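Below: my_file-v6.cif (mmCIF, C-alpha atoms)
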data_start
#
loop_
_atom_site.label_atom_id
_atom_site.label_comp_id
_atom_site.auth_asym_id
_atom_site.auth_seq_id
_atom_site.Cartn_x
_atom_site.Cartn_y
_atom_site.Cartn_z
CA MET A 1 8.93 6.68 6.95
CA LEU A 2 7.69 3.34 8.26
CA GLU A 3 11.22 2.01 8.52
CA ASP A 4 12.35 5.10 10.45
CA ALA A 5 9.41 4.91 12.86
CA LEU A 6 9.87 1.19 13.45
CA GLY A 7 13.59 1.74 14.03
CA ILE A 8 12.74 4.16 16.83
CA HIS A 9 10.19 1.87 18.46
CA ILE A 10 12.20 -1.32 17.95
CA PRO A 11 15.81 -0.22 18.53
CA ASP A 12 18.75 -2.59 18.11
CA ASN A 13 16.71 -5.23 16.28
CA GLN A 14 16.98 -4.56 12.57
CA ALA A 15 15.85 -8.09 11.73
CA LEU A 16 12.52 -7.51 13.50
CA VAL A 17 12.16 -4.12 11.80
CA GLN A 18 12.64 -5.72 8.39
CA LYS A 19 10.20 -8.52 9.24
CA ALA A 20 7.56 -5.96 10.24
CA LEU A 21 8.21 -3.89 7.11
CA THR A 22 7.85 -6.92 4.88
CA ARG A 23 4.57 -7.89 6.50
CA ILE A 24 3.16 -4.34 6.26
CA THR A 25 4.28 -3.56 2.72
CA SER A 26 3.00 -6.90 1.42
CA GLN A 27 -0.51 -5.71 2.27
CA ILE A 28 -0.25 -2.33 0.53
CA ILE A 29 -2.31 -1.77 -2.59
CA ALA A 30 -1.45 1.29 -4.69
CA VAL A 31 -4.50 3.15 -5.97
CA PRO A 32 -4.91 6.42 -7.89
CA TYR A 33 -6.53 9.58 -6.62
CA GLY A 34 -10.20 10.16 -7.38
CA GLN A 35 -11.38 6.61 -8.08
CA TRP A 36 -13.78 4.71 -5.83
CA GLN A 37 -12.29 1.47 -4.55
CA GLN A 38 -14.18 -1.67 -3.57
CA HIS A 39 -12.28 -4.35 -1.68
CA SER A 40 -13.31 -7.48 0.16
CA ALA A 41 -11.83 -6.10 3.38
CA LEU A 42 -14.14 -3.08 3.16
CA GLY A 43 -17.39 -5.02 2.91
CA GLU A 44 -20.13 -2.72 1.63
CA VAL A 45 -18.00 0.39 2.09
CA GLN A 46 -16.40 2.15 -0.87
CA LEU A 47 -13.23 4.19 -0.39
CA ARG A 48 -11.76 7.06 -2.36
CA PHE A 49 -8.55 9.05 -1.87
CA GLN A 50 -8.37 12.73 -2.83
CA PRO A 51 -5.27 15.00 -2.86
CA ALA A 52 -4.80 16.67 0.53
CA GLY A 53 -2.10 19.08 -0.61
CA HIS A 54 -0.08 18.56 2.58
CA ILE A 55 2.92 16.64 1.30
CA MET A 56 3.54 14.69 -1.88
CA GLY A 57 1.24 11.68 -1.93
CA SER A 58 -0.94 12.81 0.98
CA ALA A 59 -4.69 12.23 0.75
CA TYR A 60 -7.91 12.81 2.53
CA VAL A 61 -10.26 9.83 2.67
CA GLU A 62 -13.89 9.48 1.62
CA LEU A 63 -15.87 6.46 2.84
CA ASP A 64 -19.28 5.75 1.36
CA CYS A 65 -21.67 3.15 2.78
CA ALA A 66 -25.10 2.91 1.15
CA GLY A 67 -24.96 6.60 0.30
CA HIS A 68 -23.81 7.78 3.75
CA ARG A 69 -20.48 9.52 3.26
CA THR A 70 -17.81 10.20 5.86
CA VAL A 71 -14.75 12.30 5.07
CA PHE A 72 -11.53 12.10 7.10
CA SER A 73 -9.42 15.16 6.32
CA GLY A 74 -6.13 13.96 7.75
CA ASP A 75 -3.57 16.77 7.48
CA LEU A 76 -4.76 19.33 4.93
CA GLY A 77 -2.30 21.48 3.03
CA ALA A 78 -2.10 25.24 2.61
CA PRO A 79 -2.18 27.22 -0.65
CA GLY A 80 1.20 28.16 -2.03
CA ALA A 81 2.96 24.88 -1.40
CA ILE A 82 5.95 24.48 -3.67
CA PHE A 83 5.58 20.89 -4.85
CA VAL A 84 1.86 20.07 -4.44
CA GLU A 85 -1.44 21.74 -5.25
CA PRO A 86 -3.79 22.75 -2.40
CA PRO A 87 -6.75 20.47 -1.63
CA ARG A 88 -10.22 20.92 -3.06
CA ALA A 89 -13.32 20.53 -0.93
CA PRO A 90 -15.23 17.23 -1.16
CA GLU A 91 -18.34 17.31 -3.33
CA ARG A 92 -20.42 16.35 -0.29
CA ALA A 93 -20.27 14.69 3.12
CA ASP A 94 -22.66 13.63 5.86
CA VAL A 95 -19.88 13.63 8.44
CA VAL A 96 -16.50 15.38 8.25
CA VAL A 97 -13.71 14.51 10.68
CA LEU A 98 -11.60 17.65 10.39
CA GLU A 99 -8.12 18.53 11.61
CA SER A 100 -7.84 21.85 13.49
CA THR A 101 -4.12 22.50 13.92
CA TYR A 102 -4.48 26.13 12.86
CA GLY A 103 -8.17 26.50 13.60
CA ASP A 104 -7.58 29.70 15.55
CA ARG A 105 -5.37 31.62 13.12
CA ASN A 106 -4.47 32.40 9.54
CA HIS A 107 -0.98 32.16 8.11
CA GLU A 108 0.65 35.55 7.86
CA HIS A 109 3.24 36.51 5.29
CA ARG A 110 2.80 33.39 3.15
CA ALA A 111 3.16 35.47 -0.02
CA THR A 112 6.39 37.02 1.26
CA ARG A 113 7.88 34.04 3.07
CA LYS A 114 10.73 33.62 0.57
CA GLN A 115 11.79 37.24 1.06
CA MET A 116 11.47 36.91 4.83
CA LEU A 117 13.77 33.89 4.81
CA ALA A 118 16.21 35.70 2.51
CA ASP A 119 16.29 38.71 4.85
CA THR A 120 16.77 36.51 7.91
CA ILE A 121 19.63 34.62 6.26
CA ALA A 122 21.28 37.88 5.20
CA LYS A 123 21.10 39.31 8.73
CA SER A 124 22.28 36.03 10.23
CA LEU A 125 25.31 35.92 7.94
CA GLU A 126 26.37 39.27 9.33
CA ASP A 127 26.80 37.49 12.68
CA GLY A 128 29.26 35.11 11.03
CA GLY A 129 28.09 31.92 12.69
CA THR A 130 25.89 28.94 11.92
CA ILE A 131 22.27 29.24 10.90
CA LEU A 132 20.33 26.29 12.31
CA ILE A 133 16.97 25.36 10.78
CA PRO A 134 15.12 22.50 12.52
CA ALA A 135 13.06 20.88 9.78
CA PHE A 136 10.75 17.91 9.39
CA SER A 137 12.33 15.34 7.10
CA LEU A 138 9.30 14.95 4.85
CA GLY A 139 7.90 17.95 3.03
CA ARG A 140 9.35 20.87 4.99
CA THR A 141 13.00 20.05 4.23
CA GLN A 142 12.34 19.77 0.49
CA GLU A 143 10.43 23.07 0.40
CA ILE A 144 13.19 24.91 2.27
CA LEU A 145 15.85 23.51 -0.04
CA ALA A 146 13.86 24.65 -3.08
CA ILE A 147 13.51 28.17 -1.65
CA VAL A 148 17.19 28.38 -0.68
CA GLU A 149 18.24 27.26 -4.18
CA GLU A 150 16.08 29.97 -5.71
CA LEU A 151 17.66 32.63 -3.48
CA GLU A 152 21.04 32.01 -5.13
CA ILE A 153 22.99 32.56 -1.91
CA GLU A 154 26.71 33.31 -2.20
CA ALA A 155 28.50 30.35 -3.73
CA ASP A 156 30.99 29.68 -0.91
CA LEU A 157 28.33 29.27 1.78
CA PRO A 158 27.68 25.58 2.45
CA ILE A 159 24.06 24.43 2.73
CA ILE A 160 24.20 21.32 4.90
CA LEU A 161 21.47 18.69 4.99
CA ASP A 162 22.19 16.61 8.08
CA SER A 163 19.42 14.04 8.37
CA PRO A 164 19.65 10.56 6.83
CA LEU A 165 15.87 10.26 6.55
CA ALA A 166 15.54 13.73 4.98
CA ALA A 167 18.28 12.86 2.51
CA ARG A 168 16.48 9.67 1.44
CA LEU A 169 13.19 11.53 1.10
CA THR A 170 14.83 14.32 -0.89
CA THR A 171 16.13 11.70 -3.30
CA ALA A 172 12.59 10.31 -3.55
CA TYR A 173 11.26 13.80 -4.34
CA ARG A 174 13.89 14.21 -7.05
CA ASN A 175 12.72 10.94 -8.60
CA LEU A 176 9.10 12.15 -8.69
CA VAL A 177 9.54 15.22 -10.88
CA GLU A 178 6.50 14.32 -12.97
CA HIS A 179 4.33 14.76 -9.86
CA TRP A 180 5.64 18.23 -8.97
CA ARG A 181 3.49 21.28 -9.55
CA GLU A 182 3.85 22.62 -13.08
CA PRO A 183 5.93 25.71 -12.15
CA MET A 184 8.44 23.48 -10.41
CA GLN A 185 8.57 21.08 -13.35
CA GLU A 186 9.29 24.03 -15.64
CA ARG A 187 12.01 25.24 -13.27
CA ARG A 188 13.61 21.80 -13.35
CA ALA A 189 13.30 21.62 -17.16
CA SER A 190 15.12 24.96 -17.46
CA GLY A 191 18.20 23.40 -15.85
CA ARG A 192 17.67 24.51 -12.25
CA MET A 193 18.22 21.85 -9.57
CA PRO A 194 15.92 22.74 -6.64
CA LEU A 195 16.91 19.65 -4.64
CA GLY A 196 20.43 18.99 -5.87
CA PHE A 197 22.40 22.23 -6.26
CA ASP A 198 26.19 22.61 -5.97
CA GLN A 199 26.25 24.17 -2.48
CA LEU A 200 24.21 21.36 -0.98
CA ILE A 201 26.23 19.03 1.23
CA THR A 202 24.53 15.89 2.54
CA VAL A 203 25.87 14.37 5.75
CA GLN A 204 25.38 10.62 5.99
CA SER A 205 27.28 8.87 8.78
CA HIS A 206 26.91 9.68 12.46
CA ARG A 207 30.70 10.03 12.75
CA GLU A 208 30.72 12.62 9.98
CA HIS A 209 27.86 14.42 11.72
CA LEU A 210 29.71 14.63 15.03
CA ARG A 211 32.88 15.91 13.32
CA LEU A 212 30.86 18.61 11.58
CA VAL A 213 29.19 19.74 14.82
CA GLU A 214 32.57 20.02 16.53
CA ARG A 215 34.10 21.89 13.58
CA LEU A 216 31.31 24.46 13.50
CA LYS A 217 31.60 24.89 17.26
CA GLN A 218 35.34 25.45 17.15
CA THR A 219 35.61 27.55 13.99
CA GLY A 220 32.36 29.49 13.87
CA GLN A 221 32.33 28.87 10.12
CA PRO A 222 29.23 30.39 8.45
CA ALA A 223 26.88 27.69 7.20
CA ILE A 224 23.19 26.89 6.90
CA VAL A 225 22.26 23.59 8.53
CA LEU A 226 18.94 21.80 8.06
CA ALA A 227 18.46 18.94 10.50
CA ALA A 228 15.59 16.97 11.99
CA SER A 229 13.55 16.87 14.03
CA GLY A 230 11.37 19.87 13.29
CA MET A 231 10.35 20.39 16.93
CA CYS A 232 13.84 19.61 18.29
CA GLN A 233 12.55 16.59 20.19
CA GLY A 234 15.24 14.31 18.83
CA GLY A 235 17.44 13.73 15.83
CA ARG A 236 20.69 15.40 14.90
CA ILE A 237 19.46 18.94 15.53
CA VAL A 238 19.82 18.22 19.26
CA ASN A 239 23.62 17.86 18.99
CA TYR A 240 23.81 21.17 17.13
CA LEU A 241 21.75 22.86 19.85
CA GLN A 242 23.95 21.45 22.60
CA ALA A 243 27.06 22.74 20.83
CA LEU A 244 25.90 26.05 19.39
CA LEU A 245 22.92 27.37 21.34
CA ASP A 246 25.20 29.20 23.78
CA GLN A 247 27.06 31.09 21.04
CA PRO A 248 25.79 34.63 20.26
CA VAL A 249 26.77 34.23 16.58
CA THR A 250 24.38 31.29 16.15
CA ASP A 251 20.99 31.97 14.59
CA LEU A 252 18.17 29.49 15.17
CA VAL A 253 15.35 29.80 12.63
CA PHE A 254 11.97 28.17 13.33
CA LEU A 255 9.80 27.76 10.24
CA GLY A 256 7.06 25.58 11.66
CA TYR A 257 4.67 24.97 14.52
CA GLN A 258 6.22 24.02 17.85
CA ALA A 259 3.83 22.02 20.02
CA ASN A 260 3.44 22.51 23.76
CA GLY A 261 5.98 20.50 25.73
CA THR A 262 8.56 20.29 22.95
CA LEU A 263 12.10 21.63 23.17
CA GLY A 264 11.34 23.87 20.21
CA ARG A 265 8.50 25.56 22.10
CA ARG A 266 10.66 25.95 25.22
CA ILE A 267 13.38 27.64 23.18
CA GLN A 268 10.87 29.95 21.51
CA THR A 269 9.43 31.10 24.84
CA ALA A 270 12.73 31.31 26.77
CA LYS A 271 14.45 34.61 27.52
CA GLN A 272 17.90 35.40 26.20
CA GLY A 273 20.54 34.28 28.66
CA SER A 274 18.31 31.73 30.37
CA TRP A 275 19.31 28.10 30.82
CA LEU A 276 17.60 25.22 29.06
CA LYS A 277 17.90 21.47 29.31
CA VAL A 278 18.85 19.96 25.97
CA ALA A 279 18.95 16.15 26.10
CA GLY A 280 19.74 16.31 29.81
CA GLU A 281 22.50 18.90 29.41
CA LYS A 282 22.13 22.49 30.64
CA VAL A 283 22.79 25.02 27.87
CA GLN A 284 22.56 28.80 28.04
CA LEU A 285 20.44 30.44 25.35
CA ASN A 286 22.66 33.09 23.77
CA ALA A 287 21.77 32.38 20.13
CA LYS A 288 19.37 34.63 18.26
CA VAL A 289 15.99 32.94 17.80
CA HIS A 290 13.82 33.72 14.77
CA ARG A 291 10.26 32.59 14.15
CA LEU A 292 9.04 32.99 10.59
CA SER A 293 5.38 32.44 9.77
CA GLY A 294 3.97 31.41 6.44
CA PHE A 295 5.91 28.14 6.12
CA SER A 296 3.40 25.78 7.66
CA ALA A 297 2.24 22.91 5.47
CA HIS A 298 -1.09 22.81 7.35
CA ALA A 299 -4.19 24.63 6.20
CA ASP A 300 -5.00 27.70 8.28
CA GLN A 301 -8.44 28.69 9.55
CA GLN A 302 -9.43 30.08 6.15
CA GLY A 303 -8.36 26.86 4.42
CA LEU A 304 -10.21 24.68 6.92
CA LEU A 305 -13.35 26.76 6.44
CA ALA A 306 -13.06 26.44 2.66
CA PHE A 307 -12.80 22.66 2.97
CA CYS A 308 -16.13 22.57 4.85
CA CYS A 309 -18.01 25.44 3.25
CA ASP A 310 -17.19 24.93 -0.42
CA MET A 311 -19.14 21.68 -0.72
CA ASP A 312 -22.26 21.61 -2.88
CA GLU A 313 -24.29 21.03 0.29
CA PRO A 314 -23.28 21.72 3.92
CA PRO A 315 -22.24 18.60 5.83
CA GLY A 316 -24.59 17.33 8.51
CA GLU A 317 -21.89 17.03 11.16
CA ILE A 318 -18.27 18.13 11.64
CA ARG A 319 -16.05 16.59 14.31
CA LEU A 320 -12.93 18.57 15.16
CA VAL A 321 -9.74 16.65 15.98
CA HIS A 322 -5.95 17.08 15.97
CA GLY A 323 -5.49 20.52 17.48
CA ASP A 324 -4.98 22.33 20.76
CA GLU A 325 -8.21 22.87 22.69
CA GLY A 326 -8.18 26.60 22.01
CA ALA A 327 -7.79 26.05 18.28
CA LYS A 328 -10.67 23.55 18.22
CA GLU A 329 -12.96 25.82 20.23
CA THR A 330 -12.25 28.83 18.03
CA LEU A 331 -12.77 26.86 14.83
CA GLN A 332 -16.00 25.42 16.22
CA GLN A 333 -17.45 28.90 16.67
CA VAL A 334 -16.29 30.13 13.27
CA ILE A 335 -17.77 27.11 11.48
CA LYS A 336 -21.07 27.47 13.36
CA ALA A 337 -21.31 31.07 12.17
CA GLN A 338 -20.74 29.95 8.56
CA LEU A 339 -22.81 26.75 8.68
CA PRO A 340 -25.58 27.29 11.26
CA GLU A 341 -27.44 24.11 10.27
CA THR A 342 -24.36 21.90 10.73
CA ARG A 343 -23.64 20.17 14.04
CA VAL A 344 -20.06 20.99 15.04
CA ILE A 345 -18.57 19.00 17.91
CA ILE A 346 -15.14 18.74 19.48
CA ALA A 347 -13.96 15.15 19.57
CA THR A 348 -12.20 14.09 22.76
CA GLY A 349 -9.97 11.20 23.69
#
What is this structure when it is put down as structure tokens?
Amino acid sequence: MLEDALGIHIPDNQALVQKALTRITSQIIAVPYGQWQQHSALGEVQLRFQPAGHIMGSAYVELDCAGHRTVFSGDLGAPGAIFVEPPRAPERADVVVLESTYGDRNHEHRATRKQMLADTIAKSLEDGGTILIPAFSLGRTQEILAIVEELEIEADLPIILDSPLAARLTTAYRNLVEHWREPMQERRASGRMPLGFDQLITVQSHREHLRLVERLKQTGQPAIVLAASGMCQGGRIVNYLQALLDQPVTDLVFLGYQANGTLGRRIQTAKQGSWLKVAGEKVQLNAKVHRLSGFSAHADQQGLLAFCCDMDEPPGEIRLVHGDEGAKETLQQVIKAQLPETRVIIATG
């Protein structure tokens, strides 16, 4: 992930990217979950990582200084994740810095999301064209692949993973089987291959990617394509949208949050037949657009409340960050109703 981000910010200078990576990774210390860490760089502060349940390896952070404890939630996960367990509330905190992405809503249909995706794919296949799924490379792509494998879709339908970063991360997930949730480990032990099944085709080179886009545009061959980025702001999904968004047989399936100002949000809110700018090119929206809830990897309002309210003692202060203003304001009021003695503020800046 660091290499990919640095490659975007430092284009056309791989030597500098590698130099930066070497310097950063040389300072990384691997530590287990749940154990207090004392390091010279921390001074009197102790640090502890706890599972955040968002993606594999994610953590929320506890900092303790002379008994005063601050918790930084980072991105918290939602119950029902395929590969990781949901987070547990901290035992206590004086201050909680809490994300609020879904502070104003609860995830609908999470229990039936697999069936919803199966129904959407079945209807889309009746159209005969390409099913496009914009997906974040880390976490979301691996969950979708695991669900698609379990659906046992007809054998001649190609499932195309067209994102070099997502492909590398999927390989990493496959190599971390011992860290999967127990049901997934049992599924793998039974001979199922959630992240490496026969229909899965991984596209590597950019040339191969462009050939595939053109072939799908010209032939209308049915296929399911997963490509980054999840909000359609860049990555290979953009080329698919430029080529296929104007075709009525194309189905575009959104499985995650689309932030204000992103191409994904503009597509979601556009009317059929309207024109959109995709990477500077005007494209008419004739494809069918689907928005399925229940796939978010973020905790919803109920999960955020549980993180704050399930502590042994209520925290003294909660600072809400990382969410739209409406989501933060709604969550602020809900938390105040649950924890009247706790100071709840909206962090700005």
Next on the checklist: Can you tell me which residues surround range 130-146 of chain A at a distance of at most 9 Å, considering all atoms listed in the file, apart from same-chain residues fewer than 6 positions away, and format the answer as an NGL selection string?
Outcome noted: :A and (1 or 54-56 or 81-83 or 121 or 124 or 159 or 161 or 163-167 or 169-170 or 173 or 193-196 or 200 or 216-217 or 220-232 or 237 or 240-241 or 244 or 249-256 or 264 or 295-297)
Checklist entry - What residues have an atom no more than 10 Å from (-8.8, 29.7, 9.3) in the file's own frame, counting all atoms listed in the file, and can you write them as a ChimeraX atom specification? => result /A:100-107,299-306,327,330-331,334-335
Could you tell me, as a PDB file with C-alpha atoms, keeping the file's coordinate frame, exactly which residues end up selected when the PyMOL selection byres ((chain A and resi 199) around 7) is applied to this structure?
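Saved file selection26.pdb follows:
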ATOM      1  CA  ALA A 155      28.500  30.350  -3.730  1.00  0.00           C
ATOM      2  CA  LEU A 157      28.330  29.270   1.780  1.00  0.00           C
ATOM      3  CA  PRO A 158      27.680  25.580   2.450  1.00  0.00           C
ATOM      4  CA  ILE A 159      24.060  24.430   2.730  1.00  0.00           C
ATOM      5  CA  PHE A 197      22.400  22.230  -6.260  1.00  0.00           C
ATOM      6  CA  ASP A 198      26.190  22.610  -5.970  1.00  0.00           C
ATOM      7  CA  LEU A 200      24.210  21.360  -0.980  1.00  0.00           C
ATOM      8  CA  ILE A 201      26.230  19.030   1.230  1.00  0.00           C
TER       9      ILE A 201
END
Checklist entry - Of the candidates A:Leu292, A:Lys336, A:Asp64, A:Glu44, which one gets nearest to Ala118 in chain A if we count all atoms listed in the file? => result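 Among A:Leu292, A:Lys336, A:Asp64, A:Glu44, it is A:Leu292 that comes nearest to Ala118 in chain A.
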Item to check | Of the listed residues A:His290, A:Arg88, A:Arg48, A:Arg265, that which approaches Asp310 in chain A most closely, counting only C-alpha atoms | outcome: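 Selected residue with least distance to Asp310 in chain A: A:Arg88.
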Checklist entry - In Å, with one decimal, what is the gap from CA of Val96 in chain A to CA of Ala78 in chain A? => result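 These atoms are spaced 18.3 Å apart.
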Checklist entry - With all atoms listed in the file as the basis for distance, which of A:Ile160, A:Cys308, A:Ala279, A:Ile346 is at the shortest distance from Gln233 in chain A? => result A:Ala279
Export of range 100-117 of chain A: N, CA and C atoms, as a PDB file, in the first residue's frame:
ATOM      1  N   SER A 100     -16.675   8.601  12.245  1.00  0.00           N
ATOM      2  CA  SER A 100     -18.128   8.783  12.182  1.00  0.00           C
ATOM      3  C   SER A 100     -18.668   8.607  10.769  1.00  0.00           C
ATOM      4  N   THR A 101     -17.987   7.800   9.971  1.00  0.00           N
ATOM      5  CA  THR A 101     -18.370   7.654   8.562  1.00  0.00           C
ATOM      6  C   THR A 101     -19.857   7.354   8.403  1.00  0.00           C
ATOM      7  N   TYR A 102     -20.344   6.398   9.187  1.00  0.00           N
ATOM      8  CA  TYR A 102     -21.761   6.037   9.127  1.00  0.00           C
ATOM      9  C   TYR A 102     -22.463   6.409  10.433  1.00  0.00           C
ATOM     10  N   GLY A 103     -22.130   7.557  10.973  1.00  0.00           N
ATOM     11  CA  GLY A 103     -22.722   7.984  12.226  1.00  0.00           C
ATOM     12  C   GLY A 103     -24.192   8.311  12.144  1.00  0.00           C
ATOM     13  N   ASP A 104     -24.722   8.462  10.934  1.00  0.00           N
ATOM     14  CA  ASP A 104     -26.129   8.832  10.772  1.00  0.00           C
ATOM     15  C   ASP A 104     -26.994   7.711  10.218  1.00  0.00           C
ATOM     16  N   ARG A 105     -26.465   6.488  10.168  1.00  0.00           N
ATOM     17  CA  ARG A 105     -27.269   5.401   9.587  1.00  0.00           C
ATOM     18  C   ARG A 105     -26.755   4.044  10.043  1.00  0.00           C
ATOM     19  N   ASN A 106     -27.623   3.055   9.864  1.00  0.00           N
ATOM     20  CA  ASN A 106     -27.260   1.666  10.110  1.00  0.00           C
ATOM     21  C   ASN A 106     -27.257   0.914   8.792  1.00  0.00           C
ATOM     22  N   HIS A 107     -26.416  -0.095   8.699  1.00  0.00           N
ATOM     23  CA  HIS A 107     -26.312  -0.863   7.463  1.00  0.00           C
ATOM     24  C   HIS A 107     -27.548  -1.754   7.296  1.00  0.00           C
ATOM     25  N   GLU A 108     -28.220  -1.577   6.195  1.00  0.00           N
ATOM     26  CA  GLU A 108     -29.365  -2.431   5.898  1.00  0.00           C
ATOM     27  C   GLU A 108     -28.899  -3.673   5.139  1.00  0.00           C
ATOM     28  N   HIS A 109     -29.661  -4.719   5.290  1.00  0.00           N
ATOM     29  CA  HIS A 109     -29.502  -5.920   4.465  1.00  0.00           C
ATOM     30  C   HIS A 109     -28.150  -6.606   4.624  1.00  0.00           C
ATOM     31  N   ARG A 110     -27.427  -6.371   5.708  1.00  0.00           N
ATOM     32  CA  ARG A 110     -26.125  -7.014   5.843  1.00  0.00           C
ATOM     33  C   ARG A 110     -26.254  -8.531   5.884  1.00  0.00           C
ATOM     34  N   ALA A 111     -27.330  -9.008   6.530  1.00  0.00           N
ATOM     35  CA  ALA A 111     -27.522 -10.455   6.643  1.00  0.00           C
ATOM     36  C   ALA A 111     -27.873 -11.087   5.306  1.00  0.00           C
ATOM     37  N   THR A 112     -28.417 -10.289   4.385  1.00  0.00           N
ATOM     38  CA  THR A 112     -28.854 -10.832   3.095  1.00  0.00           C
ATOM     39  C   THR A 112     -28.022 -10.312   1.932  1.00  0.00           C
ATOM     40  N   ARG A 113     -26.861  -9.727   2.235  1.00  0.00           N
ATOM     41  CA  ARG A 113     -26.089  -9.092   1.167  1.00  0.00           C
ATOM     42  C   ARG A 113     -25.638 -10.090   0.107  1.00  0.00           C
ATOM     43  N   LYS A 114     -25.292 -11.321   0.516  1.00  0.00           N
ATOM     44  CA  LYS A 114     -24.862 -12.313  -0.466  1.00  0.00           C
ATOM     45  C   LYS A 114     -25.986 -12.613  -1.445  1.00  0.00           C
ATOM     46  N   GLN A 115     -27.208 -12.767  -0.925  1.00  0.00           N
ATOM     47  CA  GLN A 115     -28.339 -13.057  -1.800  1.00  0.00           C
ATOM     48  C   GLN A 115     -28.658 -11.869  -2.695  1.00  0.00           C
ATOM     49  N   MET A 116     -28.520 -10.659  -2.153  1.00  0.00           N
ATOM     50  CA  MET A 116     -28.757  -9.459  -2.955  1.00  0.00           C
ATOM     51  C   MET A 116     -27.774  -9.382  -4.119  1.00  0.00           C
ATOM     52  N   LEU A 117     -26.513  -9.685  -3.846  1.00  0.00           N
ATOM     53  CA  LEU A 117     -25.517  -9.669  -4.917  1.00  0.00           C
ATOM     54  C   LEU A 117     -25.816 -10.764  -5.931  1.00  0.00           C
TER      55      LEU A 117
END
